[in-house]
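**Student:** One structure, pasted below without further comment.
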Amino acid sequence: MDVSTRALVAESWRRTCVIGHRGSAATHPENSFEAFEEGIACGADAIECDVHMSRDGHVVVMHDDTLDRTTTLRGAVAESESEPLRAAGIPFLPELCASTKDRSVLVIELKGGTELERSVAAHLEE
């Protein structure tokens, strides 16, 4: 199977493609490594994630602007340092890209401004 964005777009003209929203959020905690693994295992054509930037400039995989709903942490992602986020098990984009590379197309929804766009683009260029 060709795991590329180009192949997925071409295939989408022939049939409806399934994208695992926040991984497999119906069966696992959303935007978690477990949810992404399940989305891939279930055969989704792609998996989708949301990203924000932490205060210290790391790209964090999280849907909400705040940590309150899906973690034991409190406050805004943009005001949080990466170390407590990582300790709480929140994925970061480089690790998610590494774990999905050559296994699934990753659709990334940017939840921030210009600096987030630049960071994500720079990471993907690498």
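The chains in the structure tokens are called A, B, ... from first to last as shown; in each chain the residues are counted from 1, and the ligands are counted from 1 in the order shown.
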If we count only C-alpha atoms and set the cut-off at 10 Å, which residues sit around A:Ile90, ignoring sequence neighbours fewer than 2 positions away in its own chain? Please answer as a ChimeraX atom specification.

**Tutor:** /A:31-33,60-62,67,70-71,82,84-88,92-93

**Student:** Go ahead and save the picked residues with all heavy atoms, as a CSV table (one decimal), in the first residue's frame.

**Tutor:**
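Heads up, here's the output in again09.csv:
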chain,number,residue,atom,x,y,z
A,31,ASN,N,-6.4,11.7,20.6
A,31,ASN,CA,-5.0,12.2,20.4
A,31,ASN,C,-4.0,11.5,21.2
A,31,ASN,O,-3.0,12.2,21.6
A,31,ASN,CB,-5.0,13.7,20.6
A,31,ASN,CG,-5.5,14.5,19.3
A,31,ASN,OD1,-5.2,14.1,18.2
A,31,ASN,ND2,-6.2,15.6,19.6
A,32,SER,N,-4.2,10.3,21.6
A,32,SER,CA,-3.2,9.5,22.4
A,32,SER,C,-2.5,8.6,21.4
A,32,SER,O,-3.0,8.2,20.4
A,32,SER,CB,-3.8,8.7,23.5
A,32,SER,OG,-4.7,7.7,23.0
A,33,PHE,N,-1.3,8.1,21.8
A,33,PHE,CA,-0.6,7.1,21.0
A,33,PHE,C,-1.5,5.9,20.8
A,33,PHE,O,-1.5,5.3,19.7
A,33,PHE,CB,0.8,6.8,21.6
A,33,PHE,CG,1.8,7.8,21.3
A,33,PHE,CD1,2.4,8.5,22.4
A,33,PHE,CD2,2.3,8.1,20.0
A,33,PHE,CE1,3.4,9.5,22.2
A,33,PHE,CE2,3.2,9.1,19.8
A,33,PHE,CZ,3.8,9.7,20.9
A,60,VAL,N,2.7,20.3,20.3
A,60,VAL,CA,2.0,19.3,21.2
A,60,VAL,C,0.7,18.8,20.5
A,60,VAL,O,0.0,19.6,19.9
A,60,VAL,CB,1.6,20.1,22.5
A,60,VAL,CG1,0.8,19.2,23.5
A,60,VAL,CG2,2.8,20.7,23.2
A,61,VAL,N,0.4,17.5,20.6
A,61,VAL,CA,-0.7,17.0,20.0
A,61,VAL,C,-1.9,17.0,21.0
A,61,VAL,O,-1.9,16.3,22.0
A,61,VAL,CB,-0.5,15.5,19.6
A,61,VAL,CG1,-1.7,14.9,19.0
A,61,VAL,CG2,0.7,15.4,18.6
A,62,MET,N,-2.8,18.0,20.8
A,62,MET,CA,-3.9,18.2,21.7
A,62,MET,C,-5.0,19.0,20.9
A,62,MET,O,-4.7,19.9,20.1
A,62,MET,CB,-3.4,19.1,22.8
A,62,MET,CG,-4.5,19.6,23.8
A,62,MET,SD,-5.2,18.4,24.9
A,62,MET,CE,-3.8,17.8,25.8
A,67,LEU,N,-5.9,22.2,28.8
A,67,LEU,CA,-5.6,20.8,29.2
A,67,LEU,C,-6.7,20.2,30.0
A,67,LEU,O,-6.7,19.0,30.2
A,67,LEU,CB,-4.3,20.8,29.9
A,67,LEU,CG,-3.1,21.4,29.2
A,67,LEU,CD1,-2.0,21.8,30.2
A,67,LEU,CD2,-2.6,20.4,28.2
A,70,THR,N,-9.2,16.8,28.9
A,70,THR,CA,-8.6,15.5,28.6
A,70,THR,C,-7.4,15.1,29.4
A,70,THR,O,-6.9,14.0,29.1
A,70,THR,CB,-8.2,15.4,27.1
A,70,THR,OG1,-7.3,16.5,26.8
A,70,THR,CG2,-9.5,15.6,26.2
A,71,THR,N,-7.0,15.9,30.3
A,71,THR,CA,-5.8,15.5,31.1
A,71,THR,C,-6.1,15.9,32.6
A,71,THR,O,-7.1,16.5,32.9
A,71,THR,CB,-4.5,16.2,30.7
A,71,THR,OG1,-4.6,17.6,31.1
A,71,THR,CG2,-4.3,16.2,29.2
A,82,SER,N,6.8,22.3,28.1
A,82,SER,CA,6.7,20.9,27.6
A,82,SER,C,7.0,19.8,28.5
A,82,SER,O,6.4,18.7,28.4
A,82,SER,CB,7.7,20.8,26.4
A,82,SER,OG,9.0,21.1,26.8
A,84,PRO,N,6.1,19.2,31.8
A,84,PRO,CA,4.9,18.6,32.4
A,84,PRO,C,3.9,17.9,31.4
A,84,PRO,O,3.3,17.0,31.8
A,84,PRO,CB,4.2,19.8,33.2
A,84,PRO,CG,5.2,20.8,33.2
A,84,PRO,CD,6.2,20.6,32.1
A,85,LEU,N,3.9,18.5,30.2
A,85,LEU,CA,3.0,17.9,29.2
A,85,LEU,C,3.5,16.5,28.8
A,85,LEU,O,2.7,15.6,28.7
A,85,LEU,CB,2.9,18.8,28.0
A,85,LEU,CG,2.4,20.3,28.2
A,85,LEU,CD1,2.5,21.1,26.9
A,85,LEU,CD2,1.0,20.2,28.7
A,86,ARG,N,4.8,16.4,28.6
A,86,ARG,CA,5.4,15.1,28.3
A,86,ARG,C,5.2,14.1,29.4
A,86,ARG,O,4.9,13.0,29.2
A,86,ARG,CB,6.9,15.3,27.9
A,86,ARG,CG,7.5,14.1,27.2
A,86,ARG,CD,8.9,14.3,26.8
A,86,ARG,NE,9.1,15.4,25.9
A,86,ARG,CZ,8.9,15.4,24.6
A,86,ARG,NH1,8.4,14.3,24.0
A,86,ARG,NH2,9.1,16.4,23.8
A,87,ALA,N,5.4,14.6,30.7
A,87,ALA,CA,5.3,13.7,31.8
A,87,ALA,C,3.8,13.2,32.0
A,87,ALA,O,3.6,12.1,32.5
A,87,ALA,CB,5.7,14.5,33.1
A,88,ALA,N,2.8,14.0,31.5
A,88,ALA,CA,1.4,13.6,31.5
A,88,ALA,C,1.1,12.7,30.4
A,88,ALA,O,-0.1,12.2,30.3
A,88,ALA,CB,0.5,14.9,31.5
A,92,PHE,N,3.8,14.5,21.4
A,92,PHE,CA,4.4,15.7,20.7
A,92,PHE,C,4.5,15.3,19.2
A,92,PHE,O,4.7,14.1,18.9
A,92,PHE,CB,5.8,16.0,21.2
A,92,PHE,CG,5.7,16.7,22.6
A,92,PHE,CD1,5.2,16.1,23.7
A,92,PHE,CD2,6.2,18.0,22.7
A,92,PHE,CE1,5.1,16.7,24.9
A,92,PHE,CE2,6.2,18.6,23.9
A,92,PHE,CZ,5.6,18.0,25.0
A,93,LEU,N,4.4,16.2,18.3
A,93,LEU,CA,4.4,15.9,16.9
A,93,LEU,C,5.6,15.1,16.4
A,93,LEU,O,5.4,14.2,15.6
A,93,LEU,CB,4.2,17.2,16.1
A,93,LEU,CG,4.0,17.0,14.6
A,93,LEU,CD1,2.7,16.2,14.3
A,93,LEU,CD2,3.9,18.3,13.9

**Student:** Could you give me, as a PyMOL selection string, the residues within 12 Å of stretch 102-111 of chain A, counting only C-alpha atoms and dropping anything in the same chain fewer than 4 positions from it?

**Tutor:** chain A and resi 1-9+17-23+31+36-54+59-66+77-78+93-94+96-98+115-121+124

**Student:** Expressed in Å to a single decimal, how great is the separation between atom CA of A:Ala76 and atom CA of A:Arg55?

**Tutor:**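 Between atom CA of A:Ala76 and atom CA of A:Arg55 the gap works out to 9.4 Å.
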
**Student:** If you run DSSP over the backbone, which residues in stretch 11-114 of chain A end up strand (DSSP E or B)? Put them as a PyMOL selection string.

**Tutor:** chain A and resi 19-20+46-53+59-61+66+76+92+105-110

**Student:** Running DSSP on the backbone, which parts of chain A land in helix (DSSP H, G or I), as a ChimeraX atom specification?

**Tutor:** /A:5-12,33-41,77-79,82-87,93-100,114-125

**Student:** Save the residues we just selected, N, CA and C atoms, as a CSV table (one decimal), in the first residue's frame?

**Tutor:**
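Output below, filename again17.csv:
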chain,number,residue,atom,x,y,z
A,5,THR,N,0.4,11.1,1.0
A,5,THR,CA,-0.7,12.1,0.9
A,5,THR,C,-1.2,12.1,-0.6
A,6,ARG,N,-0.3,12.1,-1.5
A,6,ARG,CA,-0.6,12.1,-2.9
A,6,ARG,C,-1.5,10.9,-3.3
A,7,ALA,N,-1.1,9.7,-2.8
A,7,ALA,CA,-1.9,8.5,-3.1
A,7,ALA,C,-3.3,8.5,-2.4
A,8,LEU,N,-3.4,9.1,-1.2
A,8,LEU,CA,-4.6,9.2,-0.6
A,8,LEU,C,-5.6,10.2,-1.3
A,9,VAL,N,-5.1,11.3,-1.8
A,9,VAL,CA,-5.9,12.2,-2.5
A,9,VAL,C,-6.4,11.6,-3.8
A,10,ALA,N,-5.5,10.9,-4.5
A,10,ALA,CA,-5.9,10.2,-5.7
A,10,ALA,C,-7.0,9.2,-5.4
A,11,GLU,N,-6.8,8.4,-4.4
A,11,GLU,CA,-7.8,7.4,-4.0
A,11,GLU,C,-9.1,8.0,-3.6
A,12,SER,N,-9.1,9.2,-3.0
A,12,SER,CA,-10.3,9.9,-2.6
A,12,SER,C,-11.2,10.3,-3.8
A,33,PHE,N,-1.3,8.1,21.8
A,33,PHE,CA,-0.6,7.1,21.0
A,33,PHE,C,-1.5,5.9,20.8
A,34,GLU,N,-2.2,5.5,21.8
A,34,GLU,CA,-3.0,4.3,21.7
A,34,GLU,C,-4.1,4.5,20.7
A,35,ALA,N,-4.7,5.7,20.7
A,35,ALA,CA,-5.8,6.0,19.7
A,35,ALA,C,-5.2,6.0,18.2
A,36,PHE,N,-4.0,6.5,18.1
A,36,PHE,CA,-3.4,6.5,16.7
A,36,PHE,C,-3.1,5.1,16.3
A,37,GLU,N,-2.6,4.3,17.2
A,37,GLU,CA,-2.2,2.9,16.9
A,37,GLU,C,-3.5,2.1,16.5
A,38,GLU,N,-4.6,2.3,17.2
A,38,GLU,CA,-5.8,1.7,16.9
A,38,GLU,C,-6.4,2.1,15.6
A,39,GLY,N,-6.3,3.4,15.3
A,39,GLY,CA,-6.8,3.9,14.0
A,39,GLY,C,-6.0,3.2,12.8
A,40,ILE,N,-4.8,3.0,13.0
A,40,ILE,CA,-4.0,2.4,12.0
A,40,ILE,C,-4.4,0.9,11.9
A,41,ALA,N,-4.5,0.2,13.1
A,41,ALA,CA,-4.8,-1.2,13.1
A,41,ALA,C,-6.2,-1.5,12.5
A,77,VAL,N,-2.7,25.2,26.9
A,77,VAL,CA,-1.6,24.6,26.3
A,77,VAL,C,-0.5,25.6,26.0
A,78,ALA,N,-0.9,26.7,25.4
A,78,ALA,CA,0.1,27.7,25.0
A,78,ALA,C,0.9,28.4,26.2
A,79,GLU,N,0.3,28.2,27.4
A,79,GLU,CA,1.0,28.7,28.6
A,79,GLU,C,1.7,27.7,29.4
A,82,SER,N,6.8,22.3,28.1
A,82,SER,CA,6.7,20.9,27.6
A,82,SER,C,7.0,19.8,28.5
A,83,GLU,N,7.8,20.0,29.5
A,83,GLU,CA,8.2,18.9,30.4
A,83,GLU,C,6.9,18.3,31.2
A,84,PRO,N,6.1,19.2,31.8
A,84,PRO,CA,4.9,18.6,32.4
A,84,PRO,C,3.9,17.9,31.4
A,85,LEU,N,3.9,18.5,30.2
A,85,LEU,CA,3.0,17.9,29.2
A,85,LEU,C,3.5,16.5,28.8
A,86,ARG,N,4.8,16.4,28.6
A,86,ARG,CA,5.4,15.1,28.3
A,86,ARG,C,5.2,14.1,29.4
A,87,ALA,N,5.4,14.6,30.7
A,87,ALA,CA,5.3,13.7,31.8
A,87,ALA,C,3.8,13.2,32.0
A,93,LEU,N,4.4,16.2,18.3
A,93,LEU,CA,4.4,15.9,16.9
A,93,LEU,C,5.6,15.1,16.4
A,94,PRO,N,6.8,15.4,16.7
A,94,PRO,CA,7.9,14.6,16.2
A,94,PRO,C,7.8,13.1,16.5
A,95,GLU,N,7.4,12.8,17.7
A,95,GLU,CA,7.2,11.4,18.1
A,95,GLU,C,6.0,10.7,17.4
A,96,LEU,N,5.0,11.5,17.2
A,96,LEU,CA,3.8,11.0,16.5
A,96,LEU,C,4.2,10.7,15.0
A,97,CYS,N,4.9,11.7,14.4
A,97,CYS,CA,5.3,11.5,13.0
A,97,CYS,C,6.3,10.3,12.9
A,98,ALA,N,7.2,10.1,13.8
A,98,ALA,CA,8.1,8.9,13.8
A,98,ALA,C,7.3,7.6,13.9
A,99,SER,N,6.3,7.6,14.8
A,99,SER,CA,5.5,6.4,15.0
A,99,SER,C,4.6,6.0,13.9
A,100,THR,N,4.2,7.0,13.1
A,100,THR,CA,3.2,6.7,12.0
A,100,THR,C,3.9,6.7,10.6
A,114,THR,N,1.0,31.8,13.4
A,114,THR,CA,2.1,31.7,12.4
A,114,THR,C,3.3,30.9,13.0
A,115,GLU,N,3.7,31.0,14.2
A,115,GLU,CA,4.8,30.3,14.8
A,115,GLU,C,4.5,28.8,14.8
A,116,LEU,N,3.3,28.4,15.1
A,116,LEU,CA,3.0,27.0,15.0
A,116,LEU,C,3.1,26.5,13.5
A,117,GLU,N,2.6,27.3,12.6
A,117,GLU,CA,2.7,26.9,11.2
A,117,GLU,C,4.2,26.7,10.8
A,118,ARG,N,5.0,27.6,11.2
A,118,ARG,CA,6.4,27.5,10.8
A,118,ARG,C,7.1,26.3,11.5
A,119,SER,N,6.7,26.0,12.7
A,119,SER,CA,7.3,24.9,13.4
A,119,SER,C,6.9,23.6,12.8
A,120,VAL,N,5.7,23.5,12.5
A,120,VAL,CA,5.2,22.2,11.8
A,120,VAL,C,5.8,22.1,10.5
A,121,ALA,N,5.8,23.1,9.7
A,121,ALA,CA,6.4,23.1,8.3
A,121,ALA,C,7.9,22.7,8.4
A,122,ALA,N,8.6,23.3,9.4
A,122,ALA,CA,10.0,22.9,9.5
A,122,ALA,C,10.2,21.5,9.9
A,123,HIS,N,9.4,21.0,10.8
A,123,HIS,CA,9.5,19.6,11.2
A,123,HIS,C,9.2,18.7,10.0
A,124,LEU,N,8.2,19.0,9.3
A,124,LEU,CA,7.8,18.1,8.1
A,124,LEU,C,8.9,18.1,7.0
A,125,GLU,N,9.5,19.3,6.9
A,125,GLU,CA,10.6,19.3,5.9
A,125,GLU,C,11.8,18.4,6.2

**Student:** For A:Glu30, which of A:Glu81, A:Arg69, A:Asp56, A:Gly75 is the closest residue, counting only C-alpha atoms?

**Tutor:**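 Nearest to A:Glu30: A:Arg69.
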
**Student:** Could you tell me how far atom CA of A:Ser24 lies from atom CA of A:Glu126, in Å and to one decimal?

**Tutor:**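 Spanning atom CA of A:Ser24 to atom CA of A:Glu126 is a straight-line distance of 26.9 Å.
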
**Student:** Would you mind reading off the distance between atom CA of A:Gly57 and atom CA of A:His28, one decimal, in Å?

**Tutor:** 27.2 Å
